[in-house]
file my_file.cif (mmCIF, C-alpha atoms)
data_start
#
loop_
_atom_site.group_PDB
_atom_site.id
_atom_site.type_symbol
_atom_site.label_atom_id
_atom_site.label_comp_id
_atom_site.auth_asym_id
_atom_site.auth_seq_id
_atom_site.Cartn_x
_atom_site.Cartn_y
_atom_site.Cartn_z
ATOM 1 C CA MET M 6 21.063 17.009 1.249
ATOM 2 C CA LYS M 7 17.446 16.760 0.089
ATOM 3 C CA LYS M 8 16.461 19.882 2.012
ATOM 4 C CA GLN M 9 19.367 21.777 0.503
ATOM 5 C CA ARG M 10 18.326 20.760 -3.023
ATOM 6 C CA GLU M 11 14.742 21.887 -2.407
ATOM 7 C CA SER M 12 15.809 25.169 -0.796
ATOM 8 C CA GLN M 13 17.644 26.116 -3.998
ATOM 9 C CA CYS M 14 14.314 26.112 -5.822
ATOM 10 C CA THR M 15 12.425 29.294 -6.490
ATOM 11 C CA GLN M 16 8.891 28.131 -5.857
ATOM 12 C CA LYS M 17 5.838 29.847 -7.230
ATOM 13 C CA THR M 18 2.221 29.180 -6.297
ATOM 14 C CA ILE M 19 -0.826 29.224 -8.542
ATOM 15 C CA SER M 20 -4.288 29.342 -7.029
ATOM 16 C CA LEU M 21 -7.166 27.658 -8.888
ATOM 17 C CA LEU M 22 -10.907 27.682 -8.284
ATOM 18 C CA SER M 23 -12.295 24.175 -8.754
ATOM 19 C CA PRO M 24 -15.374 22.119 -7.865
ATOM 20 C CA LEU M 25 -13.435 21.039 -4.744
ATOM 21 C CA GLY M 26 -12.786 24.626 -3.666
ATOM 22 C CA THR M 27 -9.482 26.455 -3.968
ATOM 23 C CA ILE M 28 -6.501 24.384 -5.048
ATOM 24 C CA GLN M 29 -2.984 25.750 -4.574
ATOM 25 C CA VAL M 30 -0.243 24.332 -6.789
ATOM 26 C CA SER M 31 3.353 25.096 -5.837
ATOM 27 C CA GLY M 32 6.406 24.294 -7.864
ATOM 28 C CA CYS M 33 9.611 25.433 -9.451
ATOM 29 C CA GLU M 34 11.281 25.192 -12.833
ATOM 30 C CA ASN M 35 12.055 21.524 -12.079
ATOM 31 C CA GLY M 36 8.495 20.427 -11.335
ATOM 32 C CA VAL M 37 5.493 20.461 -9.041
ATOM 33 C CA HIS M 38 6.219 20.379 -5.308
ATOM 34 C CA THR M 39 2.744 20.314 -3.757
ATOM 35 C CA ILE M 40 -0.958 20.461 -4.415
ATOM 36 C CA GLN M 41 -3.169 21.607 -1.564
ATOM 37 C CA ILE M 42 -6.956 21.356 -1.583
ATOM 38 C CA LEU M 43 -8.051 24.097 0.798
ATOM 39 C CA MET M 44 -11.696 22.977 1.284
ATOM 40 C CA ASP M 45 -12.927 26.560 1.479
ATOM 41 C CA VAL M 46 -16.284 25.868 -0.174
ATOM 42 C CA ALA M 47 -19.154 24.240 1.695
ATOM 43 C CA PRO M 48 -20.199 20.916 0.114
ATOM 44 C CA ALA M 49 -23.759 22.171 -0.479
ATOM 45 C CA VAL M 50 -22.442 25.094 -2.543
ATOM 46 C CA ARG M 51 -20.000 22.864 -4.395
ATOM 47 C CA TYR M 52 -22.570 20.323 -5.570
ATOM 48 C CA CYS M 53 -25.653 22.414 -6.327
ATOM 49 C CA SER M 54 -24.300 24.008 -9.465
ATOM 50 C CA THR M 55 -25.712 22.730 -12.747
ATOM 51 C CA ALA M 56 -23.066 24.590 -14.710
ATOM 52 C CA PRO M 57 -20.324 22.572 -16.392
ATOM 53 C CA LEU M 58 -17.441 21.780 -14.081
ATOM 54 C CA SER M 59 -14.379 23.913 -14.477
ATOM 55 C CA CYS M 60 -11.097 24.784 -12.899
ATOM 56 C CA VAL M 61 -9.941 28.326 -13.479
ATOM 57 C CA VAL M 62 -6.829 30.202 -12.459
ATOM 58 C CA ASN M 63 -7.658 32.539 -9.598
ATOM 59 C CA ASP M 64 -4.210 33.913 -8.869
ATOM 60 C CA SER M 65 -0.935 33.308 -10.650
ATOM 61 C CA PRO M 66 2.593 34.717 -10.581
ATOM 62 C CA ALA M 67 3.613 36.769 -13.613
ATOM 63 C CA GLU M 68 5.885 33.987 -14.835
ATOM 64 C CA THR M 69 5.258 30.289 -14.379
ATOM 65 C CA SER M 70 7.406 27.345 -15.269
ATOM 66 C CA PRO M 71 6.360 24.987 -18.073
ATOM 67 C CA GLU M 72 5.818 22.259 -15.454
ATOM 68 C CA LEU M 73 3.431 24.416 -13.405
ATOM 69 C CA GLN M 74 1.602 25.361 -16.591
ATOM 70 C CA ARG M 75 1.345 21.662 -17.543
ATOM 71 C CA CYS M 76 -0.098 20.953 -14.085
ATOM 72 C CA VAL M 77 -2.722 23.699 -14.480
ATOM 73 C CA GLU M 78 -3.708 22.367 -17.909
ATOM 74 C CA TRP M 79 -3.974 18.819 -16.529
ATOM 75 C CA LEU M 80 -6.185 19.956 -13.634
ATOM 76 C CA GLN M 81 -8.392 21.999 -15.978
ATOM 77 C CA ALA M 82 -8.871 18.958 -18.214
ATOM 78 C CA TYR M 83 -9.491 16.706 -15.198
ATOM 79 C CA PHE M 84 -12.379 18.826 -13.944
ATOM 80 C CA SER M 85 -13.949 19.827 -17.281
ATOM 81 C CA GLU M 86 -13.364 16.683 -19.390
ATOM 82 C CA PRO M 87 -12.225 13.999 -16.933
ATOM 83 C CA GLN M 88 -11.867 11.198 -19.484
ATOM 84 C CA THR M 89 -9.243 13.216 -21.415
ATOM 85 C CA ALA M 90 -6.989 13.846 -18.397
ATOM 86 C CA GLY M 91 -5.673 10.277 -18.391
ATOM 87 C CA SER M 92 -4.117 10.769 -21.814
ATOM 88 C CA LEU M 93 -2.384 14.047 -20.937
ATOM 89 C CA PRO M 94 1.236 13.997 -19.773
ATOM 90 C CA LEU M 95 1.740 14.653 -16.089
ATOM 91 C CA PRO M 96 4.110 17.429 -15.062
ATOM 92 C CA ALA M 97 7.439 16.556 -13.508
ATOM 93 C CA PHE M 98 7.400 16.187 -9.737
ATOM 94 C CA HIS M 99 10.007 17.913 -7.589
ATOM 95 C CA HIS M 100 9.182 17.065 -3.988
ATOM 96 C CA PRO M 101 11.604 15.151 -1.722
ATOM 97 C CA ALA M 102 8.967 12.457 -0.981
ATOM 98 C CA LEU M 103 8.912 11.632 -4.683
ATOM 99 C CA GLN M 104 12.672 11.593 -5.169
ATOM 100 C CA GLY M 105 14.957 8.726 -4.327
ATOM 101 C CA ASP M 106 14.298 5.118 -3.467
ATOM 102 C CA THR M 107 11.916 5.263 -0.498
ATOM 103 C CA PHE M 108 8.885 3.104 0.201
ATOM 104 C CA THR M 109 6.573 6.112 -0.121
ATOM 105 C CA SER M 110 8.078 7.085 -3.473
ATOM 106 C CA HIS M 111 7.782 3.522 -4.761
ATOM 107 C CA VAL M 112 4.130 3.170 -3.660
ATOM 108 C CA LEU M 113 3.155 6.504 -5.226
ATOM 109 C CA GLN M 114 4.958 5.643 -8.479
ATOM 110 C CA VAL M 115 3.156 2.296 -8.727
ATOM 111 C CA LEU M 116 -0.167 3.992 -7.976
ATOM 112 C CA VAL M 117 0.206 6.639 -10.680
ATOM 113 C CA ARG M 118 1.532 4.127 -13.215
ATOM 114 C CA ASP M 119 -0.812 1.169 -12.641
ATOM 115 C CA VAL M 120 -4.156 2.453 -11.332
ATOM 116 C CA LYS M 121 -5.847 4.087 -14.260
ATOM 117 C CA PHE M 122 -8.555 6.711 -14.448
ATOM 118 C CA GLY M 123 -11.895 5.411 -13.158
ATOM 119 C CA GLU M 124 -10.303 2.405 -11.418
ATOM 120 C CA THR M 125 -9.850 1.799 -7.724
ATOM 121 C CA VAL M 126 -7.465 -0.416 -5.793
ATOM 122 C CA SER M 127 -7.541 -1.556 -2.178
ATOM 123 C CA TYR M 128 -4.759 -0.700 0.241
ATOM 124 C CA LYS M 129 -4.079 -4.441 0.462
ATOM 125 C CA ARG M 130 -3.877 -4.898 -3.316
ATOM 126 C CA LEU M 131 -1.595 -1.880 -3.659
ATOM 127 C CA ALA M 132 0.698 -3.370 -1.003
ATOM 128 C CA GLU M 133 0.800 -6.568 -3.087
ATOM 129 C CA MET M 134 1.512 -4.547 -6.241
ATOM 130 C CA VAL M 135 4.589 -2.980 -4.601
ATOM 131 C CA GLY M 136 5.821 -6.415 -3.544
ATOM 132 C CA ASN M 137 5.077 -6.227 0.183
ATOM 133 C CA PRO M 138 1.621 -7.725 0.894
ATOM 134 C CA ARG M 139 1.987 -7.175 4.645
ATOM 135 C CA ALA M 140 2.575 -3.418 4.296
ATOM 136 C CA VAL M 141 -1.089 -2.375 4.189
ATOM 137 C CA ARG M 142 -0.697 0.252 6.934
ATOM 138 C CA ALA M 143 2.514 1.535 5.376
ATOM 139 C CA VAL M 144 0.615 1.998 2.097
ATOM 140 C CA GLY M 145 -1.931 4.073 4.023
ATOM 141 C CA GLY M 146 0.950 6.147 5.389
ATOM 142 C CA ALA M 147 2.258 6.692 1.865
ATOM 143 C CA MET M 148 -1.191 7.956 0.820
ATOM 144 C CA ARG M 149 -1.154 10.452 3.724
ATOM 145 C CA ARG M 150 2.281 11.706 2.631
ATOM 146 C CA ASN M 151 1.298 12.179 -1.036
ATOM 147 C CA PRO M 152 2.360 15.774 -1.781
ATOM 148 C CA VAL M 153 0.475 15.962 -5.090
ATOM 149 C CA PRO M 154 -3.054 14.580 -4.657
ATOM 150 C CA LEU M 155 -5.149 14.425 -7.821
ATOM 151 C CA LEU M 156 -2.024 14.005 -9.989
ATOM 152 C CA ILE M 157 -1.014 10.958 -7.948
ATOM 153 C CA PRO M 158 -4.521 9.589 -7.393
ATOM 154 C CA CYS M 159 -4.523 8.540 -3.738
ATOM 155 C CA HIS M 160 -8.309 9.024 -3.826
ATOM 156 C CA ARG M 161 -8.463 5.811 -5.909
ATOM 157 C CA VAL M 162 -7.171 3.727 -2.998
ATOM 158 C CA ILE M 163 -10.074 2.279 -1.022
ATOM 159 C CA SER M 164 -10.576 -0.254 1.755
ATOM 160 C CA SER M 165 -10.924 -3.969 0.962
ATOM 161 C CA SER M 166 -14.596 -3.794 1.984
ATOM 162 C CA GLY M 167 -15.272 -1.418 -0.902
ATOM 163 C CA GLN M 168 -15.773 1.592 1.379
ATOM 164 C CA SER M 169 -14.013 4.722 0.190
ATOM 165 C CA GLY M 170 -11.899 5.062 3.341
ATOM 166 C CA PRO M 171 -10.379 8.264 4.719
ATOM 167 C CA TYR M 172 -9.117 11.157 2.614
ATOM 168 C CA MET M 173 -7.095 14.110 3.841
ATOM 169 C CA SER M 174 -6.906 12.568 7.331
ATOM 170 C CA GLY M 175 -10.679 12.098 7.367
ATOM 171 C CA LYS M 176 -11.464 15.767 6.734
ATOM 172 C CA GLY M 177 -11.965 15.274 3.006
ATOM 173 C CA ASP M 178 -13.956 12.037 2.860
ATOM 174 C CA HIS M 179 -16.747 13.817 0.964
ATOM 175 C CA LEU M 180 -14.149 15.023 -1.577
ATOM 176 C CA LYS M 181 -12.895 11.470 -2.124
ATOM 177 C CA GLN M 182 -16.436 10.280 -2.794
ATOM 178 C CA TRP M 183 -16.955 13.175 -5.207
ATOM 179 C CA LEU M 184 -13.674 12.406 -7.038
ATOM 180 C CA LEU M 185 -14.548 8.718 -7.400
ATOM 181 C CA ALA M 186 -18.009 9.601 -8.739
ATOM 182 C CA HIS M 187 -16.462 12.232 -11.060
ATOM 183 C CA GLU M 188 -14.195 9.566 -12.595
ATOM 184 C CA ARG M 189 -16.967 6.994 -13.097
ATOM 185 C CA PRO M 190 -17.924 6.600 -16.737
ATOM 186 C CA ARG M 191 -21.171 8.425 -17.468
ATOM 187 C CA GLY M 192 -24.161 6.101 -17.143
ATOM 188 C CA ALA M 193 -22.285 3.691 -14.823
ATOM 189 C CA ASP M 194 -24.314 4.599 -11.716
#

call {"tool": "encode", "arguments": {"input": "my_file.cif", "output": "structure tokens"}}
result
Amino acid sequence: MKKQRESQCTQKTISLLSPLGTIQVSGCENGVHTIQILMDVAPAVRYCSTAPLSCVVNDSPAETSPELQRCVEWLQAYFSEPQTAGSLPLPAFHHPALQGDTFTSHVLQVLVRDVKFGETVSYKRLAEMVGNPRAVRAVGGAMRRNPVPLLIPCHRVISSSGQSGPYMSGKGDHLKQWLLAHERPRGAD
């Protein structure tokens, strides 16, 4: 049933150039389905720029839904003026992992609702927040299944030791560290 509902969507994809590299946002008139960080820019190139951070549309369909446009505006604010992004409304989500009453959906909803911009939470604490303190590994699994990273801030979930922990199955650990530093209040180093 879920697959059938998603297949009725007419998805469009917008490509953005960001400090993380290319980001592809896919969605339909009902909301955002996925965000993919392509990691197509070498870290040395990404971090050496002294220019202000930005996120610009690289490629876009002729018509976009209001929800995709809201997502683009949120991402642009996040990269250029990160402290303002927390006050902007998030777009609607329309991915099966975020629909219904599943553990993953519940964990991701608690994360987006309760872990604010510039904050971090351990996997263990997040498991406690969702009412299942023994589900630390399951919380990690929910982070891996997050279809809309950045909007649902799985990069804010760290290990109990204070280490940043894996991001994008370990391939994006440097991105997680960059995102956490990007969200730190200026002068808090």

call {"tool": "closest_atom_pairs", "arguments": {"input": "my_file.cif", "of": "stretch 54-105 of chain M", "to": "stretch 116-126 of chain M", "cutoff": "10 Å", "atoms": "all atoms listed in the file", "output": "tab-separated table"}}
result
residue	atom	partner	partner_atom	distance
M:Pro87	CA	M:Phe122	CA	8.5
M:Gln88	CA	M:Phe122	CA	7.5
M:Thr89	CA	M:Phe122	CA	9.6
M:Ala90	CA	M:Phe122	CA	8.3
M:Gly91	CA	M:Phe122	CA	6.0
M:Ser92	CA	M:Phe122	CA	9.5
M:Leu95	CA	M:Val117	CA	9.8

call {"tool": "closest_residue", "arguments": {"input": "my_file.cif", "among": "M:Ala82, M:Cys60, M:Phe98, M:Leu22", "to": "M:Glu34", "atoms": "all atoms listed in the file"}}
result
M:Phe98

call {"tool": "resolve_selection", "arguments": {"input": "my_file.cif", "expression": "the PyMOL selection byres ((chain M and resi 36) around 10)", "output": "number ranges by chain"}}
result
M: 14, 16, 31-35, 37-39, 70-76, 96-100

call {"tool": "atom_distance", "arguments": {"input": "my_file.cif", "atom1": "atom CA of M:Pro101", "atom2": "atom CA of M:Ile19"}}
result
20.0 Å

call {"tool": "atom_distance", "arguments": {"input": "my_file.cif", "atom1": "atom CA of M:Val62", "atom2": "atom CA of M:Ser174"}}
result
26.5 Å

call {"tool": "resolve_selection", "arguments": {"input": "my_file.cif", "expression": "the PyMOL selection byres ((chain M and resi 84) around 9)", "output": "PyMOL selection string"}}
result
chain M and resi 23-24+58-60+79-83+85-87+90+187

call {"tool": "resolve_selection", "arguments": {"input": "my_file.cif", "expression": "the PyMOL selection byres ((chain M and resi 179-185) around 10)", "output": "ChimeraX atom specification"}}
result
/M:24-26,42,44,48,52,84,122-125,155,158-163,168-173,175-178,186-189

call {"tool": "atom_distance", "arguments": {"input": "my_file.cif", "atom1": "atom CA of M:Ser164", "atom2": "atom CA of M:Ser127"}}
result
5.1 Å

call {"tool": "axis_aligned_box", "arguments": {"input": "my_file.cif", "around": "stretch 112-127 of chain M", "padding_each_side": "6 Å", "output": "JSON"}}
result
{"center_x": -3.5, "center_y": 2.6, "center_z": -8.3, "size_x": 28.9, "size_y": 20.3, "size_z": 24.3}

call {"tool": "closest_residue", "arguments": {"input": "my_file.cif", "among": "M:Gln104, M:Asn63, M:Thr109, M:Gln41", "to": "M:Gly145", "atoms": "all atoms listed in the file"}}
result
M:Thr109

call {"tool": "closest_residue", "arguments": {"input": "my_file.cif", "among": "M:Met134, M:Leu43, M:Met148, M:Ala140", "to": "M:Ser110", "atoms": "only C-alpha atoms"}}
result
M:Met148

call {"tool": "residues_near_point", "arguments": {"input": "my_file.cif", "point": "(-0.1, -4.0, -0.4)", "cutoff": "10 Å", "atoms": "only C-alpha atoms", "output": "ChimeraX atom specification"}}
result
/M:112,126-145

call {"tool": "closest_residue", "arguments": {"input": "my_file.cif", "among": "M:Val61, M:Val30, M:Ala147, M:Leu93", "to": "M:Thr107", "atoms": "all atoms listed in the file"}}
result
M:Ala147

call {"tool": "closest_residue", "arguments": {"input": "my_file.cif", "among": "M:Thr18, M:Pro94, M:Thr27, M:Leu103", "to": "M:Val153", "atoms": "all atoms listed in the file"}}
result
M:Leu103

call {"tool": "closest_residue", "arguments": {"input": "my_file.cif", "among": "M:Val77, M:Ala67, M:Leu156, M:Ala102", "to": "M:Lys17", "atoms": "all atoms listed in the file"}}
result
M:Ala67

call {"tool": "build_atoms", "arguments": {"input": "my_file.cif", "residues": "stretch 163-181 of chain M", "atoms": "N, CA and C atoms", "output": "compact mmCIF listing (two decimals), keeping the file's coordinate frame"}}
result
# COMPACT_ATOMS: atom_id res chain seq x y z
N ILE M 163 -8.92 2.48 -1.90
CA ILE M 163 -10.07 2.28 -1.02
C ILE M 163 -9.84 1.08 -0.11
N SER M 164 -10.72 0.89 0.86
CA SER M 164 -10.58 -0.25 1.76
C SER M 164 -11.02 -1.54 1.04
N SER M 165 -10.58 -2.67 1.56
CA SER M 165 -10.92 -3.97 0.96
C SER M 165 -12.42 -4.23 0.97
N SER M 166 -13.14 -3.61 1.90
CA SER M 166 -14.60 -3.79 1.98
C SER M 166 -15.35 -3.06 0.87
N GLY M 167 -14.63 -2.21 0.14
CA GLY M 167 -15.27 -1.42 -0.90
C GLY M 167 -15.65 -0.02 -0.44
N GLN M 168 -15.51 0.25 0.86
CA GLN M 168 -15.77 1.59 1.38
C GLN M 168 -14.67 2.53 0.88
N SER M 169 -15.00 3.80 0.75
CA SER M 169 -14.01 4.72 0.19
C SER M 169 -12.82 4.91 1.11
N GLY M 170 -13.02 4.86 2.41
CA GLY M 170 -11.90 5.06 3.34
C GLY M 170 -11.59 6.54 3.50
N PRO M 171 -10.66 6.85 4.41
CA PRO M 171 -10.38 8.26 4.72
C PRO M 171 -9.62 8.98 3.60
N TYR M 172 -9.81 10.29 3.56
CA TYR M 172 -9.12 11.16 2.61
C TYR M 172 -8.78 12.43 3.34
N MET M 173 -7.56 12.89 3.18
CA MET M 173 -7.10 14.11 3.84
C MET M 173 -7.30 13.99 5.35
N SER M 174 -6.81 12.87 5.89
CA SER M 174 -6.91 12.57 7.33
C SER M 174 -8.35 12.58 7.84
N GLY M 175 -9.27 12.17 6.98
CA GLY M 175 -10.68 12.10 7.37
C GLY M 175 -11.46 13.38 7.15
N LYS M 176 -10.77 14.49 6.92
CA LYS M 176 -11.46 15.77 6.73
C LYS M 176 -12.05 15.91 5.33
N GLY M 177 -11.54 15.13 4.39
CA GLY M 177 -11.96 15.27 3.01
C GLY M 177 -12.67 14.05 2.45
N ASP M 178 -13.30 13.26 3.33
CA ASP M 178 -13.96 12.04 2.86
C ASP M 178 -15.00 12.33 1.78
N HIS M 179 -15.75 13.43 1.96
CA HIS M 179 -16.75 13.82 0.96
C HIS M 179 -16.08 14.17 -0.37
N LEU M 180 -14.87 14.70 -0.34
CA LEU M 180 -14.15 15.02 -1.58
C LEU M 180 -13.74 13.74 -2.30
N LYS M 181 -13.29 12.75 -1.54
CA LYS M 181 -12.90 11.47 -2.12
C LYS M 181 -14.09 10.83 -2.83
